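Asks: Dropping a structure here in structure tokens format, bear with me for questions.
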Amino acid sequence: MTMTYIDLDVRPILRAGGEPFEQIMQTISSLEPGKGLRLYATFEPTPLFHVLGSKGFTHEAKSLDGGDWEVLFRPTSTATPDQAQALISPNDDSEWPAPSQHLDNRDLDPPEPMVRILAATEALKEGEVLSSLLCREPTFLLPELAKRGHRWRGGFEADGKTYKIVIRVGARREAMA
Amino acid sequence: MIGASLSRWTMSYFAAALLALLAAETLMASGYGFPFAELRSVETLFLVHLVALGWLSLLMSGALLQFVPVLVARPLYSDTLPLPALLALVAGLIALLGGFLQLDGRLTWAMPLLPIAGPLLGVGFALNLWNLGRTLWPLRGLPLPARFVVIGLLSVVVTVALGIVFTLVLSGTTTNERLIQLTAAGVPIHIIAGLGGWLTFSAIGVSYRLLAMFMLAPDVEGWSVRAALSSGTLALALVILGGIIAVCHGLELNTLLAAAAVLGAAALAVYVFDVARLYRARKRRHMELNSRMAGLALASLVAAATLLAAALARGSLSHDVGAIVFLIAFGWLSGLGLAKLYKIVAFLTWLECYGPVLGKTLTPRVQDLVAESRAAKWFWLYFAAVWLGTIALMLDATAVFRAAAAVMLAASVAIIAELVRARCLVEVDAANRLPAGAHRPRLFLCVSQQT
């Protein structure tokens, strides 16, 4: 089966210092069934792999000359959203409020970053947003956030070394209420 | 879900594996198998498979079920398959060991066990391969450490397939000329695919990520990891694919093995260089016991590679091969396995027990679950005994080897006792042990609380 792709080049936005996330999510939500997205970016957009992975897209990333990346996002027909995936709203591309708390957990010994982030989320009110910098992907934190009904967006910054996670507290409880 | 949670059966794999380790060390200490029997004797086969399948493969399988999801930040495809896989592997191992005893004449049971062992082991490995494969499959552009694991998994397919052929030939189930030829000449391929491909390649992949994680070092990526991966893969392909073709055409394996040895040594050199960089780049100044002991395992790997090169140069490989394989199995793979188990068991127990209440109440730290200074002595004793055992094998000092094996056994028992203490939260002071909402871990089962 050949897949047709919608092209989206976010390199100009990134080079201008902008944030192309909203535009990417808009393009994704307007995709017709069976179509994929071909994305051009100035770095390997690992954050998107996870966000779009949770929406049932697989990805194939290829580095281009000059340090740019081409990524093909394909919808998987076999993707059945499991219980945990359903915790992330499929249309979670809404604007989030600005973070009311920032943590820099880059130099802490694991699992201290996870402990601190979970402690911070307990102190925040529903709907408030927390951002944190980490030195790696918080693999074990994410299921804990899901269990507590928080939403998150996360990924490596353009430097490829700093992982930034933004967590919206209790968004699931809010949505379910 | 994005991210990785606890793999339910990983602790059961670890428990079964550790039992096999103790059994194997007991046999060595009591003078069973090589060096007390011939390298190719049935006794040695029994011992080698108890170690390679019972201890190392179960350990690696349990670890991969937990850590492949961590390598690729995706949940495991199935949480139900690991149990039937474990049962099939254990049943297969018991049948295989029983089959060896039948070959030896020590077990006189009418039902032939070898032809049953092959398929059972095949099913066990296949279930785990399917599970891990389905976890990895949807991802394109796998992270480099996960690619090592993929090569490891492909190698286990070859190892098991050859093993099944051997059981069919040895039990007399088949008299196919080609398969008999393969059994006669294919043993080096079976050993290299198993120890080098499946166990060492998977261990390298997992260690790249785990060492970086535990020492707070930036992940090593780029040309060097790619070079290690491609050179090592090429070495394995030469041995496995080239080797099988050569054996089937009745050709000599030696040139092929020598070429593969050069490529494999290059891969190993790059890996050791990478890991040394990792240790230097770590942000965590005080190294935990698991990272220090992983260093001793790596030193054993380098020593084994050096001994191999020396034996090839001197033409003494047929004499030294036992010592070299022993050092790879017990110094490198078992040493690394025990060192990482010490961290993994404590961390998984901590996450299982306190995960649900993290941030909500004061919880013990991971370090509070272990007593590193006490455990360190046992680890040093273990490694010292392994190195002494290796020297004893090189010098044919069988009595010394027996004593070394007894010390290994004692040290292993003590390390396992440390793991059980961590699992039972014995080190945590009673007042903080179980805050409200935390749940007490079971010894052999991880229960990840779902909401």
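Ordering of the structure tokens sets the chain letters (A, B, ...), residue numbers begin anew at 1 in every chain, and ligands are numbered from 1 in the order given.
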Got a sec to pull out which chain A residues are within 6 Å of chain B, counting only C-alpha atoms, and send them as number ranges by chain?

Replies: A: 59-60, 84-85, 115, 118-119, 139-140, 142, 147

Asks: Can you tell me, as number ranges by chain, what residues are no more than 7 Å from region 96-112 of chain A when counting only C-alpha atoms, ignoring any on the same chain fewer than 4 positions away?

Replies: A: 116, 128-135; B: 216, 284

Asks: Keeping N, CA, C and O atoms, export the residues of the selection given above as a compact mmCIF listing (two decimals), in the first residue's frame.

Replies:
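As written to disk, out11.txt reads:
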```
# COMPACT_ATOMS: atom_id res chain seq x y z
N ARG A 116 10.67 14.89 42.97
CA ARG A 116 10.41 16.33 43.07
C ARG A 116 9.24 16.77 42.20
O ARG A 116 8.42 17.58 42.61
N GLU A 128 -3.29 23.90 36.66
CA GLU A 128 -2.04 24.65 36.67
C GLU A 128 -0.95 23.84 35.95
O GLU A 128 -1.03 22.61 35.86
N VAL A 129 0.05 24.57 35.50
CA VAL A 129 1.07 23.93 34.67
C VAL A 129 2.44 24.06 35.31
O VAL A 129 2.77 25.11 35.88
N LEU A 130 3.19 22.97 35.24
CA LEU A 130 4.54 22.91 35.81
C LEU A 130 5.50 22.58 34.68
O LEU A 130 5.20 21.75 33.83
N SER A 131 6.63 23.25 34.65
CA SER A 131 7.62 22.84 33.65
C SER A 131 8.89 22.43 34.36
O SER A 131 9.21 22.94 35.44
N SER A 132 9.59 21.49 33.78
CA SER A 132 10.83 21.03 34.41
C SER A 132 11.86 20.68 33.34
O SER A 132 11.52 20.15 32.29
N LEU A 133 13.09 20.98 33.65
CA LEU A 133 14.20 20.56 32.79
C LEU A 133 14.84 19.32 33.39
O LEU A 133 15.01 19.23 34.60
N LEU A 134 15.17 18.36 32.54
CA LEU A 134 15.77 17.11 32.99
C LEU A 134 16.95 16.79 32.10
O LEU A 134 17.09 17.37 31.02
N CYS A 135 17.78 15.84 32.54
CA CYS A 135 18.91 15.52 31.67
C CYS A 135 18.62 14.28 30.85
O CYS A 135 19.43 13.87 30.04
N LEU B 216 24.29 9.25 35.57
CA LEU B 216 23.95 10.60 35.13
C LEU B 216 24.97 11.10 34.11
O LEU B 216 25.55 12.17 34.25
N ARG B 284 27.50 12.19 38.26
CA ARG B 284 27.40 11.67 39.61
C ARG B 284 28.81 11.37 40.09
O ARG B 284 29.46 10.45 39.60
```

Asks: What lies within 10 Å of Asp9 (chain A) using only C-alpha atoms, ignoring chain neighbours under 5 positions off, as a list in words?

Replies: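 Non-adjacent residues within range: Leu14, Pro20, Ile24, Arg38, Leu39, Tyr40, Ala41, Thr42 and Glu70 of chain A.
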
Asks: Save out the residues we just selected, all heavy atoms, as a compact mmCIF listing (two decimals), in the first residue's frame.

Replies:
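Result went into selection.txt, see below:
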```txt
# COMPACT_ATOMS: atom_id res chain seq x y z
N LEU A 14 11.24 27.45 12.90
CA LEU A 14 12.26 27.12 13.90
C LEU A 14 13.45 28.07 13.78
O LEU A 14 14.00 28.53 14.79
CB LEU A 14 12.72 25.67 13.72
CG LEU A 14 11.71 24.61 14.15
CD1 LEU A 14 12.14 23.23 13.66
CD2 LEU A 14 11.57 24.60 15.67
N PRO A 20 6.64 25.64 16.42
CA PRO A 20 5.72 25.15 15.40
C PRO A 20 4.70 24.12 15.89
O PRO A 20 3.96 23.57 15.10
CB PRO A 20 6.67 24.50 14.39
CG PRO A 20 7.81 24.03 15.21
CD PRO A 20 7.93 24.95 16.39
N ILE A 24 1.78 22.05 13.70
CA ILE A 24 1.91 20.62 13.42
C ILE A 24 0.64 19.89 13.88
O ILE A 24 0.09 19.05 13.16
CB ILE A 24 3.16 20.04 14.13
CG1 ILE A 24 4.42 20.65 13.54
CG2 ILE A 24 3.20 18.52 13.99
CD1 ILE A 24 5.69 20.38 14.33
N ARG A 38 4.57 14.42 6.15
CA ARG A 38 6.01 14.49 5.94
C ARG A 38 6.50 15.82 6.53
O ARG A 38 6.11 16.89 6.06
CB ARG A 38 6.37 14.39 4.46
CG ARG A 38 7.88 14.46 4.23
CD ARG A 38 8.24 14.49 2.75
NE ARG A 38 8.08 13.19 2.11
CZ ARG A 38 7.20 12.93 1.12
NH1 ARG A 38 6.42 13.88 0.69
NH2 ARG A 38 7.12 11.74 0.59
N LEU A 39 7.30 15.73 7.55
CA LEU A 39 7.68 16.93 8.28
C LEU A 39 9.17 17.22 8.07
O LEU A 39 10.00 16.31 8.12
CB LEU A 39 7.42 16.71 9.78
CG LEU A 39 7.74 17.89 10.69
CD1 LEU A 39 6.66 18.95 10.59
CD2 LEU A 39 7.87 17.43 12.14
N TYR A 40 9.47 18.48 7.81
CA TYR A 40 10.86 18.90 7.72
C TYR A 40 11.19 19.78 8.92
O TYR A 40 10.46 20.73 9.20
CB TYR A 40 11.12 19.69 6.43
CG TYR A 40 10.95 18.85 5.19
CD1 TYR A 40 9.74 18.84 4.50
CD2 TYR A 40 11.99 18.07 4.73
CE1 TYR A 40 9.58 18.06 3.36
CE2 TYR A 40 11.84 17.29 3.60
CZ TYR A 40 10.63 17.28 2.92
OH TYR A 40 10.48 16.51 1.81
N ALA A 41 12.27 19.46 9.63
CA ALA A 41 12.63 20.25 10.82
C ALA A 41 14.14 20.43 10.85
O ALA A 41 14.88 19.75 10.13
CB ALA A 41 12.17 19.54 12.08
N THR A 42 14.59 21.33 11.71
CA THR A 42 16.03 21.62 11.77
C THR A 42 16.73 20.69 12.76
O THR A 42 17.94 20.73 12.89
CB THR A 42 16.27 23.07 12.23
OG1 THR A 42 15.55 23.29 13.44
CG2 THR A 42 15.82 24.06 11.18
N GLU A 70 14.09 14.88 7.94
CA GLU A 70 12.80 14.61 7.32
C GLU A 70 12.17 13.47 8.11
O GLU A 70 12.80 12.44 8.32
CB GLU A 70 13.00 14.20 5.87
CG GLU A 70 11.70 13.86 5.17
CD GLU A 70 11.93 13.13 3.85
OE1 GLU A 70 12.53 13.71 2.94
OE2 GLU A 70 11.50 11.97 3.76
```

Asks: Near Leu263 (chain B), within 9 Å and counting only C-alpha atoms, which residues show up once chain neighbours fewer than 2 positions away are dropped, as number ranges by chain?

Replies: B: 231-236, 258-261, 265-268

Asks: Ranking B:Trp130, B:Phe67, B:Phe46, B:Tyr342 by minimum distance to Ala294 (chain B) and counting only C-alpha atoms, which one comes first?

Replies: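 When distances to Ala294 (chain B) are compared using only C-alpha atoms, the smallest one comes from B:Tyr342.
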
Asks: Mind listing the alpha helix (DSSP H) residues of region 107-138 of chain B, per DSSP on the backbone, as a list in words?

Replies: Leu114, Pro115, Ile116, Ala117, Gly118, Pro119, Leu120, Leu121, Gly122, Val123, Gly124, Phe125, Ala126, Leu127, Asn128, Leu129, Trp130, Asn131, Leu132, Gly133, Arg134, Thr135 and Leu136 of chain B

Asks: Between B:Leu154, B:Leu87, B:Leu409, B:Ala269, which residue has the minimum interatomic distance to Ser224 (chain B), considering only C-alpha atoms?

Replies: B:Ala269

Asks: Out of B:Trp9, B:Trp55, B:Tyr77, B:Phe201, which residue has the shortest atom-to-atom distance to Ser334 (chain B) when counting only C-alpha atoms?

Replies: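 Nearest candidate to Ser334 (chain B) out of B:Trp9, B:Trp55, B:Tyr77, B:Phe201: B:Trp55.
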
Asks: Could you name the residues that touch Ala414 (chain B) at 8 Å or less, counting only C-alpha atoms, but leaving out those on the same chain fewer than 3 positions away, as a list in words?

Replies: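 My list of contacting residues is Ala375, Trp378, Ala410, Ala411, Ala417 and Glu418 of chain B.
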
Asks: Let's have the selection written as a PDB file, in the first residue's frame, with N, CA, C and O atoms.

Replies:
```
ATOM      1  N   ALA B 375      27.372  -5.093  50.954  1.00  0.00           N
ATOM      2  CA  ALA B 375      27.286  -5.870  49.714  1.00  0.00           C
ATOM      3  C   ALA B 375      28.601  -5.807  48.938  1.00  0.00           C
ATOM      4  O   ALA B 375      28.970  -6.767  48.254  1.00  0.00           O
ATOM      5  N   TRP B 378      30.979  -8.669  49.309  1.00  0.00           N
ATOM      6  CA  TRP B 378      30.601  -9.923  48.636  1.00  0.00           C
ATOM      7  C   TRP B 378      30.911  -9.852  47.146  1.00  0.00           C
ATOM      8  O   TRP B 378      31.326 -10.828  46.539  1.00  0.00           O
ATOM      9  N   ALA B 410      29.542 -19.062  47.701  1.00  0.00           N
ATOM     10  CA  ALA B 410      29.267 -18.353  48.966  1.00  0.00           C
ATOM     11  C   ALA B 410      28.965 -16.881  48.696  1.00  0.00           C
ATOM     12  O   ALA B 410      28.003 -16.307  49.236  1.00  0.00           O
ATOM     13  N   ALA B 411      29.773 -16.261  47.829  1.00  0.00           N
ATOM     14  CA  ALA B 411      29.559 -14.841  47.533  1.00  0.00           C
ATOM     15  C   ALA B 411      28.211 -14.633  46.847  1.00  0.00           C
ATOM     16  O   ALA B 411      27.488 -13.671  47.139  1.00  0.00           O
ATOM     17  N   ALA B 417      21.140 -12.873  49.046  1.00  0.00           N
ATOM     18  CA  ALA B 417      20.518 -12.496  50.325  1.00  0.00           C
ATOM     19  C   ALA B 417      20.325 -10.979  50.382  1.00  0.00           C
ATOM     20  O   ALA B 417      19.297 -10.488  50.874  1.00  0.00           O
ATOM     21  N   GLU B 418      21.296 -10.221  49.839  1.00  0.00           N
ATOM     22  CA  GLU B 418      21.160  -8.758  49.801  1.00  0.00           C
ATOM     23  C   GLU B 418      19.962  -8.356  48.932  1.00  0.00           C
ATOM     24  O   GLU B 418      19.228  -7.424  49.255  1.00  0.00           O
TER      25      GLU B 418
END
```

Asks: Any idea what's packed within 8 Å of Phe49 (chain A), counting only C-alpha atoms, ignoring anything in its chain fewer than 3 positions away? Could you give it as a compact mmCIF listing (two decimals) with all heavy atoms, in the first residue's frame?

Replies:
```txt
# COMPACT_ATOMS: atom_id res chain seq x y z
N PRO A 45 12.95 15.75 15.74
CA PRO A 45 11.91 16.21 16.68
C PRO A 45 11.38 15.09 17.57
O PRO A 45 10.22 14.69 17.47
CB PRO A 45 10.83 16.75 15.75
CG PRO A 45 10.98 15.95 14.50
CD PRO A 45 12.41 15.51 14.40
N THR A 46 12.26 14.58 18.45
CA THR A 46 11.84 13.46 19.31
C THR A 46 10.58 13.74 20.15
O THR A 46 9.80 12.83 20.37
CB THR A 46 12.97 13.03 20.27
OG1 THR A 46 13.73 14.18 20.62
CG2 THR A 46 13.87 12.02 19.61
N LEU A 52 2.81 12.20 18.86
CA LEU A 52 2.08 11.61 17.74
C LEU A 52 1.96 10.10 17.89
O LEU A 52 1.01 9.50 17.42
CB LEU A 52 2.73 11.99 16.41
CG LEU A 52 2.67 13.49 16.11
CD1 LEU A 52 3.24 13.79 14.73
CD2 LEU A 52 1.27 14.03 16.21
N GLY A 53 2.93 9.50 18.59
CA GLY A 53 2.84 8.07 18.88
C GLY A 53 1.58 7.78 19.67
O GLY A 53 0.87 6.80 19.43
N THR A 58 3.17 6.08 13.61
CA THR A 58 4.55 5.64 13.70
C THR A 58 5.40 6.66 12.94
O THR A 58 4.86 7.45 12.16
CB THR A 58 4.76 4.28 13.03
OG1 THR A 58 4.47 4.42 11.64
CG2 THR A 58 3.88 3.23 13.64
N HIS A 59 6.68 6.64 13.20
CA HIS A 59 7.51 7.64 12.53
C HIS A 59 8.75 7.00 11.93
O HIS A 59 9.20 5.95 12.37
CB HIS A 59 7.91 8.74 13.50
CG HIS A 59 8.80 8.27 14.60
ND1 HIS A 59 8.31 7.83 15.81
CD2 HIS A 59 10.13 8.12 14.65
CE1 HIS A 59 9.31 7.45 16.56
NE2 HIS A 59 10.44 7.60 15.89
```

Asks: Using DSSP on the backbone coordinates, identify all residues within region 8-159 of chain A classified as strand (DSSP E or B); present the result as a compact mmCIF listing (two decimals) with C-alpha atoms, in the first residue's frame.

Replies:
```
# COMPACT_ATOMS: atom_id res chain seq x y z
CA LEU A 8 4.91 20.49 6.28
CA ASP A 9 8.15 22.43 6.49
CA GLY A 36 0.52 10.69 6.57
CA LEU A 37 2.58 13.74 7.35
CA ARG A 38 6.01 14.49 5.94
CA LEU A 39 7.68 16.93 8.28
CA TYR A 40 10.86 18.90 7.72
CA ALA A 41 12.63 20.25 10.82
CA PHE A 57 1.30 7.45 14.35
CA THR A 58 4.55 5.64 13.70
CA HIS A 59 7.51 7.64 12.53
CA GLU A 60 10.52 7.21 10.30
CA ALA A 61 13.21 9.85 10.73
CA LYS A 62 15.96 10.52 8.22
CA SER A 63 18.72 13.10 8.56
CA TRP A 69 15.60 16.13 9.31
CA GLU A 70 12.80 14.61 7.32
CA VAL A 71 10.26 12.62 9.31
CA LEU A 72 7.42 10.54 7.91
CA PHE A 73 4.50 10.11 10.28
CA ARG A 74 2.18 7.27 9.30
CA PRO A 75 -1.12 6.42 10.92
CA GLN A 101 6.30 26.69 38.46
CA HIS A 102 9.65 25.85 36.92
CA LEU A 103 12.03 23.17 38.17
CA ASP A 104 15.55 22.58 37.01
CA VAL A 129 1.07 23.93 34.67
CA LEU A 130 4.54 22.91 35.81
CA SER A 131 7.62 22.84 33.65
CA SER A 132 10.83 21.03 34.41
CA LEU A 133 14.20 20.56 32.79
CA LEU A 134 15.77 17.11 32.99
CA ARG A 151 -1.20 15.50 31.09
CA TRP A 152 2.22 16.25 29.75
CA ARG A 153 4.14 17.31 26.72
CA GLY A 154 7.80 16.58 26.70
CA GLY A 155 10.83 16.25 24.53
CA PHE A 156 14.43 17.14 23.99
```
